[in-house]
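The file upload.cif contains mmCIF, C-alpha atoms:
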```cif
data_entry
#
loop_
_atom_site.label_atom_id
_atom_site.label_comp_id
_atom_site.auth_asym_id
_atom_site.auth_seq_id
_atom_site.Cartn_x
_atom_site.Cartn_y
_atom_site.Cartn_z
CA MET G 1 0.00 0.00 0.00
CA LEU G 2 1.04 3.62 -0.18
CA TRP G 3 3.18 4.30 2.87
CA ASP G 4 2.94 7.73 4.41
CA GLU G 5 4.86 7.54 7.69
CA ALA G 6 4.49 11.25 8.34
CA LEU G 7 0.71 10.84 8.30
CA TRP G 8 0.86 7.81 10.61
CA GLN G 9 2.89 9.91 13.05
CA GLU G 10 -0.05 12.32 13.14
CA ILE G 11 -2.70 9.60 13.29
CA GLU G 12 -1.23 7.59 16.19
CA PRO G 13 -1.65 10.18 18.98
CA TRP G 14 -5.02 11.19 17.51
CA MET G 15 -6.19 7.56 17.74
CA ILE G 16 -4.94 7.20 21.29
CA ASP G 17 -6.79 10.36 22.33
CA LEU G 18 -10.01 9.05 20.74
CA ARG G 19 -9.57 5.72 22.48
CA ARG G 20 -9.21 7.44 25.84
CA GLN G 21 -12.28 9.59 25.25
CA ILE G 22 -14.32 6.46 24.50
CA HIS G 23 -12.80 4.65 27.49
CA ARG G 24 -13.96 7.39 29.86
CA ARG G 25 -17.58 7.10 28.74
CA PRO G 26 -18.38 3.39 28.27
CA GLU G 27 -21.84 2.46 27.00
CA LEU G 28 -23.62 -0.90 27.01
CA GLY G 29 -25.40 -3.00 24.42
CA LEU G 30 -27.27 -1.18 21.68
CA ASP G 31 -27.44 1.99 23.76
CA THR G 32 -24.28 3.76 22.54
CA PRO G 33 -25.37 7.29 21.50
CA GLU G 34 -22.38 9.11 23.00
CA THR G 35 -19.87 6.85 21.27
CA GLN G 36 -21.88 7.13 18.06
CA ARG G 37 -21.66 10.93 18.20
CA LEU G 38 -17.90 10.79 18.77
CA VAL G 39 -17.51 8.55 15.70
CA GLU G 40 -19.76 10.75 13.58
CA ASN G 41 -17.93 13.91 14.65
CA ALA G 42 -14.60 12.33 13.72
CA LEU G 43 -15.95 11.24 10.34
CA ASP G 44 -17.36 14.74 9.74
CA ALA G 45 -13.97 16.26 10.52
CA LEU G 46 -12.39 13.89 7.99
CA GLY G 47 -15.00 14.68 5.34
CA ILE G 48 -16.29 11.10 5.19
CA SER G 49 -20.01 10.66 4.51
CA HIS G 50 -21.93 8.43 6.90
CA SER G 51 -25.40 7.20 7.83
CA ARG G 52 -27.21 5.31 10.60
CA PRO G 53 -28.41 1.88 9.44
CA ILE G 54 -29.75 1.27 12.96
CA ALA G 55 -30.36 3.65 15.85
CA THR G 56 -26.81 3.71 17.23
CA GLY G 57 -24.85 2.06 14.42
CA VAL G 58 -22.76 4.02 11.92
CA LYS G 59 -22.01 3.20 8.29
CA ALA G 60 -19.45 5.22 6.33
CA VAL G 61 -18.30 4.76 2.74
CA LEU G 62 -15.03 5.74 1.10
CA ALA G 63 -14.47 5.78 -2.69
CA ALA G 64 -18.17 5.21 -3.29
CA ASP G 65 -17.74 6.09 -6.97
CA LYS G 66 -15.13 3.39 -7.62
CA PRO G 67 -16.22 0.24 -9.50
CA GLY G 68 -16.47 -3.25 -8.16
CA PRO G 69 -17.63 -4.74 -4.88
CA ALA G 70 -16.56 -3.28 -1.56
CA VAL G 71 -14.37 -4.35 1.34
CA LEU G 72 -16.05 -3.89 4.72
CA LEU G 73 -14.05 -3.02 7.84
CA ARG G 74 -15.76 -3.32 11.22
CA ALA G 75 -15.24 -2.09 14.79
CA ASP G 76 -17.58 -2.63 17.74
CA MET G 77 -18.34 0.17 20.20
CA ASP G 78 -19.99 -1.25 23.34
CA ALA G 79 -18.49 -1.94 26.77
CA LEU G 80 -19.12 -4.40 29.61
CA PRO G 81 -20.95 -4.10 32.96
CA ILE G 82 -17.72 -4.26 34.99
CA VAL G 83 -16.40 -1.90 37.68
CA GLU G 84 -12.98 -0.74 36.48
CA ASP G 85 -10.11 -1.46 38.89
CA ASN G 86 -7.44 0.78 37.39
CA ASP G 87 -5.86 4.08 38.37
CA LEU G 88 -5.75 5.84 35.01
CA PRO G 89 -6.23 9.51 34.10
CA PHE G 90 -8.87 8.30 31.62
CA LYS G 91 -10.50 5.72 33.90
CA SER G 92 -14.19 4.99 33.32
CA GLU G 93 -16.34 7.81 34.65
CA ILE G 94 -19.46 5.62 34.79
CA VAL G 95 -19.55 3.26 37.76
CA GLY G 96 -20.28 -0.33 36.76
CA ARG G 97 -19.19 0.07 33.15
CA MET G 98 -15.81 -0.51 31.55
CA HIS G 99 -14.23 -1.11 28.17
CA ALA G 100 -12.79 -4.40 29.41
CA CYS G 101 -12.86 -6.09 25.99
CA GLY G 102 -11.03 -3.40 24.05
CA HIS G 103 -13.88 -2.10 21.91
CA ASP G 104 -12.63 1.43 22.60
CA CYS G 105 -9.40 0.38 20.89
CA HIS G 106 -11.29 -1.19 17.98
CA THR G 107 -13.26 1.98 17.29
CA ALA G 108 -10.14 4.16 17.50
CA MET G 109 -8.22 1.83 15.15
CA LEU G 110 -10.96 1.93 12.52
CA LEU G 111 -11.09 5.71 12.74
CA GLY G 112 -7.31 5.78 12.35
CA ALA G 113 -7.55 3.63 9.24
CA ALA G 114 -10.36 5.86 7.96
CA ARG G 115 -8.18 8.95 8.33
CA TYR G 116 -5.33 7.32 6.40
CA LEU G 117 -7.64 6.01 3.68
CA LYS G 118 -9.34 9.38 3.26
CA ALA G 119 -5.97 11.01 2.69
CA HIS G 120 -5.23 8.41 0.00
CA GLU G 121 -8.76 7.90 -1.29
CA GLU G 122 -7.67 8.31 -4.91
CA ALA G 123 -5.53 5.16 -4.57
CA LEU G 124 -8.50 2.96 -3.58
CA ARG G 125 -9.55 0.63 -6.39
CA HIS G 126 -12.93 -0.24 -4.89
CA PRO G 127 -15.35 1.16 -2.29
CA VAL G 128 -14.62 0.68 1.39
CA VAL G 129 -17.45 0.37 3.92
CA LEU G 130 -16.75 1.27 7.55
CA MET G 131 -19.05 -0.47 10.05
CA PHE G 132 -19.19 0.94 13.58
CA GLN G 133 -21.38 -1.50 15.49
CA PRO G 134 -23.04 -1.44 18.92
CA GLY G 135 -24.17 -4.43 20.94
CA GLU G 136 -21.48 -7.03 20.24
CA GLU G 137 -21.40 -8.05 23.91
CA GLY G 138 -25.16 -8.52 23.64
CA PRO G 139 -27.83 -8.51 22.46
CA GLY G 140 -26.00 -8.35 19.13
CA GLY G 141 -25.67 -5.48 16.68
CA ALA G 142 -24.17 -7.15 13.61
CA LEU G 143 -27.33 -8.94 12.51
CA PRO G 144 -29.55 -5.82 12.77
CA MET G 145 -27.02 -3.88 10.69
CA ILE G 146 -26.96 -6.67 8.10
CA GLU G 147 -30.75 -6.70 7.99
CA ALA G 148 -30.63 -2.91 7.52
CA GLY G 149 -28.57 -3.46 4.35
CA ILE G 150 -24.98 -2.65 5.31
CA LEU G 151 -23.71 -5.42 3.00
CA ASN G 152 -25.78 -4.27 0.02
CA ASP G 153 -25.05 -0.67 -0.98
CA PRO G 154 -22.37 -0.89 -2.21
CA PRO G 155 -22.30 -4.69 -2.37
CA VAL G 156 -19.67 -6.12 -0.03
CA ALA G 157 -17.43 -8.93 -1.30
CA HIS G 158 -15.00 -9.30 1.63
CA ALA G 159 -14.94 -8.20 5.25
CA ALA G 160 -12.56 -7.90 8.19
CA MET G 161 -12.81 -6.94 11.85
CA VAL G 162 -10.21 -6.09 14.47
CA HIS G 163 -10.01 -7.45 18.00
CA VAL G 164 -7.33 -6.80 20.58
CA SER G 165 -5.49 -9.88 21.83
CA SER G 166 -3.99 -10.34 25.28
CA ASP G 167 -2.02 -13.30 23.89
CA LEU G 168 0.07 -11.28 21.42
CA PRO G 169 2.76 -8.61 21.92
CA TYR G 170 1.95 -5.13 20.66
CA GLY G 171 2.80 -4.67 16.99
CA ILE G 172 1.86 -8.26 16.12
CA ILE G 173 -1.20 -9.20 14.06
CA GLY G 174 -2.66 -12.69 14.38
CA VAL G 175 -4.72 -14.28 11.61
CA ARG G 176 -6.61 -17.56 11.58
CA GLU G 177 -7.69 -19.65 8.57
CA GLY G 178 -10.90 -21.68 8.80
CA PRO G 179 -12.82 -22.19 12.08
CA SER G 180 -11.81 -19.25 14.26
CA MET G 181 -14.33 -18.68 17.05
CA GLY G 182 -17.03 -20.76 18.64
CA ALA G 183 -20.78 -20.75 18.83
CA CYS G 184 -22.53 -19.94 22.08
CA ASP G 185 -25.81 -21.28 23.44
CA ASP G 186 -26.70 -20.23 26.97
CA PHE G 187 -29.23 -22.18 28.99
CA THR G 188 -31.31 -22.19 32.14
CA LEU G 189 -31.96 -25.57 33.75
CA THR G 190 -34.60 -25.83 36.48
CA VAL G 191 -34.99 -29.00 38.56
CA PHE G 192 -38.32 -29.53 40.34
CA GLY G 193 -38.40 -32.00 43.23
CA ARG G 194 -40.64 -32.37 46.26
CA GLY G 195 -39.78 -30.62 49.50
CA GLY G 196 -39.67 -32.12 52.95
CA HIS G 197 -37.83 -32.27 56.24
CA GLY G 198 -34.09 -32.88 56.20
CA SER G 199 -34.54 -35.76 58.65
CA THR G 200 -36.76 -37.71 56.22
CA PRO G 201 -35.28 -37.28 52.74
CA HIS G 202 -36.97 -40.47 51.52
CA VAL G 203 -40.35 -38.73 51.77
CA GLY G 204 -39.42 -35.96 49.33
CA VAL G 205 -37.46 -35.66 46.09
CA ASP G 206 -34.23 -33.76 46.73
CA ALA G 207 -33.78 -31.25 43.91
CA ILE G 208 -30.22 -30.47 45.06
CA TYR G 209 -29.20 -34.12 44.85
CA VAL G 210 -30.76 -34.48 41.39
CA ALA G 211 -29.02 -31.27 40.29
CA SER G 212 -25.66 -32.69 41.39
CA LEU G 213 -26.27 -35.82 39.32
CA LEU G 214 -27.24 -33.70 36.34
CA ILE G 215 -24.00 -31.71 36.54
CA GLN G 216 -21.97 -34.92 36.42
CA ALA G 217 -24.05 -36.37 33.60
CA ILE G 218 -23.75 -33.17 31.57
CA GLN G 219 -19.95 -33.25 31.84
CA GLY G 220 -20.10 -36.82 30.55
CA LEU G 221 -21.41 -35.43 27.27
CA VAL G 222 -18.05 -33.72 26.84
CA SER G 223 -15.68 -36.35 28.23
CA ARG G 224 -17.39 -39.49 26.93
CA GLU G 225 -19.42 -38.58 23.85
CA GLN G 226 -17.58 -35.79 22.04
CA ASP G 227 -14.73 -36.30 19.59
CA PRO G 228 -11.75 -34.72 21.40
CA PHE G 229 -10.64 -33.16 18.09
CA ASP G 230 -14.00 -31.36 17.79
CA PRO G 231 -14.15 -28.91 20.73
CA LEU G 232 -17.12 -28.84 23.08
CA VAL G 233 -17.39 -27.07 26.44
CA ILE G 234 -20.45 -27.11 28.69
CA SER G 235 -20.07 -25.00 31.81
CA ILE G 236 -22.49 -24.47 34.69
CA GLY G 237 -22.06 -20.86 35.78
CA THR G 238 -24.63 -20.46 38.55
CA ILE G 239 -26.65 -22.73 40.83
CA HIS G 240 -29.32 -21.64 43.29
CA GLY G 241 -31.58 -23.77 45.46
CA GLY G 242 -32.77 -24.61 48.93
CA PHE G 243 -34.08 -22.71 51.95
CA ARG G 244 -32.08 -23.81 54.99
CA GLU G 245 -29.96 -26.67 56.33
CA ASN G 246 -32.81 -28.93 57.46
CA VAL G 247 -35.16 -28.56 54.48
CA ILE G 248 -35.16 -30.78 51.41
CA ALA G 249 -35.03 -28.40 48.45
CA ASP G 250 -37.95 -28.62 46.05
CA LYS G 251 -36.34 -26.50 43.32
CA VAL G 252 -32.88 -25.75 41.94
CA GLU G 253 -32.09 -23.37 39.10
CA MET G 254 -28.83 -23.49 37.18
CA THR G 255 -27.49 -21.47 34.28
CA GLY G 256 -24.74 -22.44 31.91
CA THR G 257 -23.21 -22.09 28.48
CA ILE G 258 -22.47 -24.44 25.58
CA ARG G 259 -19.50 -23.64 23.33
CA THR G 260 -18.89 -25.45 20.04
CA MET G 261 -16.90 -24.89 16.85
CA THR G 262 -19.20 -26.42 14.22
CA ALA G 263 -22.89 -26.27 13.41
CA ALA G 264 -23.16 -30.07 13.62
CA SER G 265 -21.63 -30.23 17.10
CA ARG G 266 -23.81 -27.34 18.19
CA ALA G 267 -27.04 -29.09 17.18
CA ARG G 268 -25.92 -32.42 18.64
CA ALA G 269 -24.85 -30.93 21.98
CA VAL G 270 -28.17 -29.15 22.50
CA ALA G 271 -30.18 -32.26 21.55
CA ARG G 272 -28.16 -34.55 23.84
CA LEU G 273 -28.35 -32.06 26.70
CA ARG G 274 -32.15 -32.17 26.50
CA THR G 275 -32.18 -35.97 26.46
CA VAL G 276 -29.83 -36.32 29.42
CA VAL G 277 -31.60 -33.67 31.49
CA GLU G 278 -35.00 -35.26 31.02
CA GLY G 279 -33.71 -38.80 31.55
CA VAL G 280 -31.71 -38.18 34.73
CA ALA G 281 -34.44 -36.09 36.34
CA SER G 282 -37.09 -38.69 35.54
CA ALA G 283 -34.95 -41.53 36.85
CA TYR G 284 -34.88 -39.90 40.29
CA GLY G 285 -38.50 -38.84 40.44
CA ALA G 286 -37.90 -35.21 39.61
CA ARG G 287 -38.84 -33.02 36.68
CA ALA G 288 -36.53 -30.71 34.75
CA GLU G 289 -37.11 -27.83 32.40
CA LEU G 290 -34.38 -26.72 29.99
CA ALA G 291 -34.57 -23.34 28.23
CA VAL G 292 -31.86 -22.73 25.63
CA ASP G 293 -31.09 -19.21 24.42
CA PRO G 294 -29.34 -19.55 21.03
CA GLY G 295 -26.37 -17.24 20.73
CA TYR G 296 -23.96 -16.32 17.97
CA PRO G 297 -23.01 -18.94 15.34
CA PRO G 298 -19.46 -20.23 14.77
CA PHE G 299 -17.10 -17.75 13.12
CA VAL G 300 -15.32 -19.34 10.17
CA SER G 301 -12.61 -17.34 8.38
CA GLU G 302 -12.72 -18.01 4.65
CA ILE G 303 -9.40 -19.69 3.84
CA ALA G 304 -8.62 -18.02 0.51
CA TRP G 305 -9.39 -14.58 1.93
CA ALA G 306 -7.32 -15.25 5.05
CA ARG G 307 -4.35 -16.28 2.95
CA GLN G 308 -4.62 -13.19 0.79
CA VAL G 309 -4.78 -11.01 3.88
CA LYS G 310 -1.72 -12.68 5.39
CA GLU G 311 0.23 -12.03 2.19
CA ILE G 312 -0.74 -8.36 2.30
CA LEU G 313 0.21 -8.04 5.97
CA VAL G 314 3.53 -9.82 5.50
CA GLN G 315 4.33 -7.42 2.68
CA GLU G 316 3.33 -4.31 4.64
CA LEU G 317 4.36 -5.22 8.20
CA GLY G 318 7.05 -7.87 7.67
CA PRO G 319 6.83 -11.63 8.28
CA GLU G 320 7.97 -11.32 11.89
CA ARG G 321 4.84 -9.30 12.75
CA VAL G 322 2.21 -11.67 11.29
CA ARG G 323 1.28 -14.90 13.06
CA GLU G 324 -1.11 -17.78 12.49
CA ILE G 325 -3.10 -18.22 15.69
CA GLU G 326 -5.15 -20.98 17.27
CA PRO G 327 -8.97 -20.98 17.33
CA THR G 328 -10.89 -19.96 20.42
CA LEU G 329 -14.25 -20.85 21.92
CA GLY G 330 -14.88 -17.18 22.54
CA VAL G 331 -17.76 -15.92 20.43
CA GLU G 332 -18.27 -12.97 18.10
CA ASP G 333 -21.39 -11.70 16.33
CA PHE G 334 -19.30 -10.76 13.28
CA ALA G 335 -19.89 -14.45 12.53
CA TYR G 336 -23.18 -13.35 10.94
CA VAL G 337 -21.16 -11.33 8.42
CA ALA G 338 -18.87 -14.31 7.84
CA GLU G 339 -21.90 -16.45 7.01
CA ARG G 340 -22.67 -14.12 4.11
CA VAL G 341 -19.31 -12.97 2.71
CA PRO G 342 -15.68 -14.11 3.13
CA ALA G 343 -14.52 -12.56 6.41
CA LEU G 344 -11.83 -12.79 9.05
CA CYS G 345 -10.59 -11.27 12.29
CA LEU G 346 -7.35 -9.33 12.67
CA ASN G 347 -6.12 -10.08 16.20
CA VAL G 348 -4.12 -7.07 17.38
CA GLY G 349 -1.49 -7.58 20.06
CA ILE G 350 -1.71 -5.33 23.13
CA VAL G 351 0.83 -6.95 25.47
CA GLY G 352 3.68 -4.63 26.43
CA GLU G 353 4.38 -1.68 28.66
CA GLY G 354 1.59 -1.23 31.19
CA PHE G 355 -0.27 -4.39 30.22
CA THR G 356 -1.81 -6.09 33.24
CA THR G 357 -4.26 -8.89 32.54
CA GLY G 358 -6.52 -10.53 30.01
CA LEU G 359 -9.74 -9.35 28.40
CA HIS G 360 -13.03 -9.05 30.33
CA SER G 361 -11.06 -8.17 33.43
CA ALA G 362 -11.60 -5.17 35.71
CA GLY G 363 -7.84 -4.60 35.66
CA LEU G 364 -7.26 -4.65 31.90
CA MET G 365 -4.76 -2.10 30.65
CA VAL G 366 -3.46 -2.25 27.09
CA ASP G 367 -0.21 -1.13 25.49
CA GLU G 368 -1.62 1.61 23.27
CA ARG G 369 1.27 1.25 20.82
CA GLY G 370 -0.67 -1.70 19.45
CA LEU G 371 -3.33 0.59 17.99
CA LYS G 372 -1.11 1.68 15.13
CA ALA G 373 -0.55 -1.91 13.97
CA GLY G 374 -4.29 -2.56 13.89
CA ALA G 375 -5.03 0.63 11.95
CA VAL G 376 -2.20 -0.07 9.48
CA ALA G 377 -3.52 -3.59 8.92
CA LEU G 378 -7.04 -2.32 8.19
CA ALA G 379 -5.75 0.34 5.82
CA ALA G 380 -3.52 -2.18 4.03
CA LEU G 381 -6.47 -4.49 3.37
CA ALA G 382 -8.51 -1.66 1.93
CA LEU G 383 -5.72 -0.48 -0.36
CA ASP G 384 -4.17 -3.78 -1.42
CA ALA G 385 -6.92 -6.41 -1.40
#
```
Write out the structure in this file as structure tokens.
Amino acid sequence: MLWDEALWQEIEPWMIDLRRQIHRRPELGLDTPETQRLVENALDALGISHSRPIATGVKAVLAADKPGPAVLLRADMDALPIVEDNDLPFKSEIVGRMHACGHDCHTAMLLGAARYLKAHEEALRHPVVLMFQPGEEGPGGALPMIEAGILNDPPVAHAAMVHVSSDLPYGIIGVREGPSMGACDDFTLTVFGRGGHGSTPHVGVDAIYVASLLIQAIQGLVSREQDPFDPLVISIGTIHGGFRENVIADKVEMTGTIRTMTAASRARAVARLRTVVEGVASAYGARAELAVDPGYPPFVSEIAWARQVKEILVQELGPERVREIEPTLGVEDFAYVAERVPALCLNVGIVGEGFTTGLHSAGLMVDERGLKAGAVALAALALDA
């Protein structure tokens, strides 16, 4: 791609300042109006036209008059309901909210790429769509933006997103070919027994005992039924039941999550979970209700596109700064985009000076020097793909 180091020297501190502004004012879910306004103001200052496909989503287009299908670049904007445990001059100003997954960095990186691409818009050979999305942490903003037509005008042929990585040093970009991230299905499992006195358990049906058997049986689905080369994780996250020490519990409620890498494993795991839950509960005289909340689908990076992207990044960044990474059972609603067009994730290293801990942590601090690598990677795809 065209290399304009003087411009990158201007963009880097500008990106970091934007990231810190976003970090101070974290917003949750689809309710991201303040972040949306910051993005729109930045785009206005750059002279980039934009629109709102959904209430708090932003779509911008560069080189709209160029022929051919477009490349879409995406950043998510929402935060997490976490109390920040950092002493930073730009610490979250809203108690109970924090950019603990790095979406503030993602938004700043895409704006940095947008600034570079606008300065070199004449060199673009095709349109570039910028997708600033709310709600990735839930309830999901990618699908509503797709349904609103973000892939259609101009038609999108390839797509890429950025995500910070606490497994990579700053300046490194990780790319994955094929299955990249998992599918997620959350569930609520309620066991109904029959209460009684703790001194006469044979008179009742102990919902706590049945729940304990169910937990063991559910783990057997992973350890004894699943191909170990086809990942499956079923985790029980909460369990609540009982009244006091001498009362047989008549009800226990559990919540959990199912993580898989393929559609086939996803369907099989849910079906077998229902069978086991009903069978075990019935065998011990109890009744169980299972409610499954389908989450995001598996994210599969199209192999040919991933290989092309790696070639571009090796050329622009150098082979020592591009790595093939392992898949993860973390989930991502950009998977809905990947179901429709070839797509992939650029994993941007943030480990370095000041880094503390992994993502989704109250103590997360990133090495902000990583932002430049992510923005350069996005700009390179737009110019060279």
List the residues matched by the PyMOL selection byres ((chain G and resi 10-19) around 12) in the displayed structure as a compact mmCIF listing (two decimals) with C-alpha atoms, keeping the file's coordinate frame, ordered by chain and then by residue number.
```
# COMPACT_ATOMS: atom_id res chain seq x y z
CA ASP G 4 2.94 7.73 4.41
CA GLU G 5 4.86 7.54 7.69
CA ALA G 6 4.49 11.25 8.34
CA LEU G 7 0.71 10.84 8.30
CA TRP G 8 0.86 7.81 10.61
CA GLN G 9 2.89 9.91 13.05
CA ARG G 20 -9.21 7.44 25.84
CA GLN G 21 -12.28 9.59 25.25
CA ILE G 22 -14.32 6.46 24.50
CA HIS G 23 -12.80 4.65 27.49
CA ARG G 24 -13.96 7.39 29.86
CA ARG G 25 -17.58 7.10 28.74
CA PRO G 26 -18.38 3.39 28.27
CA THR G 35 -19.87 6.85 21.27
CA LEU G 38 -17.90 10.79 18.77
CA VAL G 39 -17.51 8.55 15.70
CA ASN G 41 -17.93 13.91 14.65
CA ALA G 42 -14.60 12.33 13.72
CA LEU G 46 -12.39 13.89 7.99
CA MET G 77 -18.34 0.17 20.20
CA PRO G 89 -6.23 9.51 34.10
CA PHE G 90 -8.87 8.30 31.62
CA LYS G 91 -10.50 5.72 33.90
CA SER G 92 -14.19 4.99 33.32
CA HIS G 99 -14.23 -1.11 28.17
CA GLY G 102 -11.03 -3.40 24.05
CA HIS G 103 -13.88 -2.10 21.91
CA ASP G 104 -12.63 1.43 22.60
CA CYS G 105 -9.40 0.38 20.89
CA HIS G 106 -11.29 -1.19 17.98
CA THR G 107 -13.26 1.98 17.29
CA ALA G 108 -10.14 4.16 17.50
CA MET G 109 -8.22 1.83 15.15
CA LEU G 110 -10.96 1.93 12.52
CA LEU G 111 -11.09 5.71 12.74
CA GLY G 112 -7.31 5.78 12.35
CA ALA G 113 -7.55 3.63 9.24
CA ALA G 114 -10.36 5.86 7.96
CA ARG G 115 -8.18 8.95 8.33
CA TYR G 116 -5.33 7.32 6.40
CA LEU G 117 -7.64 6.01 3.68
CA ALA G 119 -5.97 11.01 2.69
CA VAL G 366 -3.46 -2.25 27.09
CA ASP G 367 -0.21 -1.13 25.49
CA GLU G 368 -1.62 1.61 23.27
CA ARG G 369 1.27 1.25 20.82
CA GLY G 370 -0.67 -1.70 19.45
CA LEU G 371 -3.33 0.59 17.99
CA LYS G 372 -1.11 1.68 15.13
CA ALA G 373 -0.55 -1.91 13.97
CA GLY G 374 -4.29 -2.56 13.89
CA ALA G 375 -5.03 0.63 11.95
CA VAL G 376 -2.20 -0.07 9.48
```
### Task
To one decimal in Å, tell me the separation between CA of Leu80 in chain G and CA of Met98 in chain G.
5.5 Å
### Query
Any idea what the distance is between CA of Pro327 in chain G and CA of Arg176 in chain G?
7.1 Å
### Task
Name the residues that the PyMOL selection byres ((chain G and resi 175) around 8) picks from the file above, as a PyMOL selection string, using the file's chain letters and numbers.
chain G and resi 173-174+176-177+306+310+322-325+344-347
Filtering to C-alpha atoms, could you give me those residues as a JSON list (two decimals), in the coordinates of the input?
```json
[["chain", "number", "residue", "atom", "x", "y", "z"],
["G", 173, "ILE", "CA", -1.20, -9.20, 14.06],
["G", 174, "GLY", "CA", -2.66, -12.69, 14.38],
["G", 176, "ARG", "CA", -6.61, -17.56, 11.58],
["G", 177, "GLU", "CA", -7.69, -19.65, 8.57],
["G", 306, "ALA", "CA", -7.32, -15.25, 5.05],
["G", 310, "LYS", "CA", -1.72, -12.68, 5.39],
["G", 322, "VAL", "CA", 2.21, -11.67, 11.29],
["G", 323, "ARG", "CA", 1.28, -14.90, 13.06],
["G", 324, "GLU", "CA", -1.11, -17.78, 12.49],
["G", 325, "ILE", "CA", -3.10, -18.22, 15.69],
["G", 344, "LEU", "CA", -11.83, -12.79, 9.05],
["G", 345, "CYS", "CA", -10.59, -11.27, 12.29],
["G", 346, "LEU", "CA", -7.35, -9.33, 12.67],
["G", 347, "ASN", "CA", -6.12, -10.08, 16.20]]
```
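Put simply, CA of Pro298 in chain G is 9.0 Å away from CA of Arg266 in chain G.
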Quick one: apply the PyMOL selection byres ((chain G and resi 333-338) around 9) to the file and drop the selected residues here as a PDB file with C-alpha atoms, in the frame of the given file.
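Listed below is the output, result.pdb:
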```pdb
ATOM      1  CA  ARG G  74     -15.760  -3.320  11.220  1.00  0.00           C
ATOM      2  CA  GLU G 136     -21.480  -7.030  20.240  1.00  0.00           C
ATOM      3  CA  GLU G 137     -21.400  -8.050  23.910  1.00  0.00           C
ATOM      4  CA  GLY G 138     -25.160  -8.520  23.640  1.00  0.00           C
ATOM      5  CA  GLY G 140     -26.000  -8.350  19.130  1.00  0.00           C
ATOM      6  CA  GLY G 141     -25.670  -5.480  16.680  1.00  0.00           C
ATOM      7  CA  ALA G 142     -24.170  -7.150  13.610  1.00  0.00           C
ATOM      8  CA  LEU G 143     -27.330  -8.940  12.510  1.00  0.00           C
ATOM      9  CA  ILE G 146     -26.960  -6.670   8.100  1.00  0.00           C
ATOM     10  CA  LEU G 151     -23.710  -5.420   3.000  1.00  0.00           C
ATOM     11  CA  HIS G 158     -15.000  -9.300   1.630  1.00  0.00           C
ATOM     12  CA  ALA G 159     -14.940  -8.200   5.250  1.00  0.00           C
ATOM     13  CA  ALA G 160     -12.560  -7.900   8.190  1.00  0.00           C
ATOM     14  CA  MET G 161     -12.810  -6.940  11.850  1.00  0.00           C
ATOM     15  CA  MET G 181     -14.330 -18.680  17.050  1.00  0.00           C
ATOM     16  CA  ALA G 183     -20.780 -20.750  18.830  1.00  0.00           C
ATOM     17  CA  GLY G 295     -26.370 -17.240  20.730  1.00  0.00           C
ATOM     18  CA  TYR G 296     -23.960 -16.320  17.970  1.00  0.00           C
ATOM     19  CA  PRO G 297     -23.010 -18.940  15.340  1.00  0.00           C
ATOM     20  CA  PRO G 298     -19.460 -20.230  14.770  1.00  0.00           C
ATOM     21  CA  PHE G 299     -17.100 -17.750  13.120  1.00  0.00           C
ATOM     22  CA  VAL G 300     -15.320 -19.340  10.170  1.00  0.00           C
ATOM     23  CA  SER G 301     -12.610 -17.340   8.380  1.00  0.00           C
ATOM     24  CA  GLU G 302     -12.720 -18.010   4.650  1.00  0.00           C
ATOM     25  CA  VAL G 331     -17.760 -15.920  20.430  1.00  0.00           C
ATOM     26  CA  GLU G 332     -18.270 -12.970  18.100  1.00  0.00           C
ATOM     27  CA  GLU G 339     -21.900 -16.450   7.010  1.00  0.00           C
ATOM     28  CA  ARG G 340     -22.670 -14.120   4.110  1.00  0.00           C
ATOM     29  CA  VAL G 341     -19.310 -12.970   2.710  1.00  0.00           C
ATOM     30  CA  PRO G 342     -15.680 -14.110   3.130  1.00  0.00           C
ATOM     31  CA  ALA G 343     -14.520 -12.560   6.410  1.00  0.00           C
ATOM     32  CA  LEU G 344     -11.830 -12.790   9.050  1.00  0.00           C
ATOM     33  CA  CYS G 345     -10.590 -11.270  12.290  1.00  0.00           C
TER      34      CYS G 345
END
```
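Distance check against Ala283 in chain G using only C-alpha atoms: of G:Asp250, G:Ser223, G:Thr260, G:Leu214, the minimum falls on G:Leu214.
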### Summary
For Thr255 in chain G, the closest of G:Phe132, G:Phe187, G:Tyr170, G:Trp3 counting all atoms listed in the file is G:Phe187
### Message
Which residue is closest to Glu289 in chain G? Choose from G:Leu317, G:Val348, G:Val191, G:Ala70 and count only C-alpha atoms.
### Response
G:Val191
### Query
For Val156 in chain G, which of G:Gly198, G:His360, G:Glu320, G:Pro67 is the closest residue, counting all atoms listed in the file?
G:Pro67
N, CA and C atoms are what I want for range 293-297 of chain G; can you complete it accordingly and write them as a PDB file, in the coordinates of the input?
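Written out: part30.pdb:
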```
ATOM      1  N   ASP G 293     -31.087 -20.511  25.096  1.00  0.00           N
ATOM      2  CA  ASP G 293     -31.090 -19.210  24.420  1.00  0.00           C
ATOM      3  C   ASP G 293     -29.997 -19.235  23.355  1.00  0.00           C
ATOM      4  N   PRO G 294     -30.364 -19.448  22.074  1.00  0.00           N
ATOM      5  CA  PRO G 294     -29.340 -19.550  21.030  1.00  0.00           C
ATOM      6  C   PRO G 294     -28.552 -18.256  20.896  1.00  0.00           C
ATOM      7  N   GLY G 295     -27.246 -18.397  20.869  1.00  0.00           N
ATOM      8  CA  GLY G 295     -26.370 -17.240  20.730  1.00  0.00           C
ATOM      9  C   GLY G 295     -25.782 -17.138  19.341  1.00  0.00           C
ATOM     10  N   TYR G 296     -24.599 -16.551  19.263  1.00  0.00           N
ATOM     11  CA  TYR G 296     -23.960 -16.320  17.970  1.00  0.00           C
ATOM     12  C   TYR G 296     -23.485 -17.631  17.347  1.00  0.00           C
ATOM     13  N   PRO G 297     -23.477 -17.723  16.015  1.00  0.00           N
ATOM     14  CA  PRO G 297     -23.010 -18.940  15.340  1.00  0.00           C
ATOM     15  C   PRO G 297     -21.484 -19.017  15.336  1.00  0.00           C
TER      16      PRO G 297
END
```
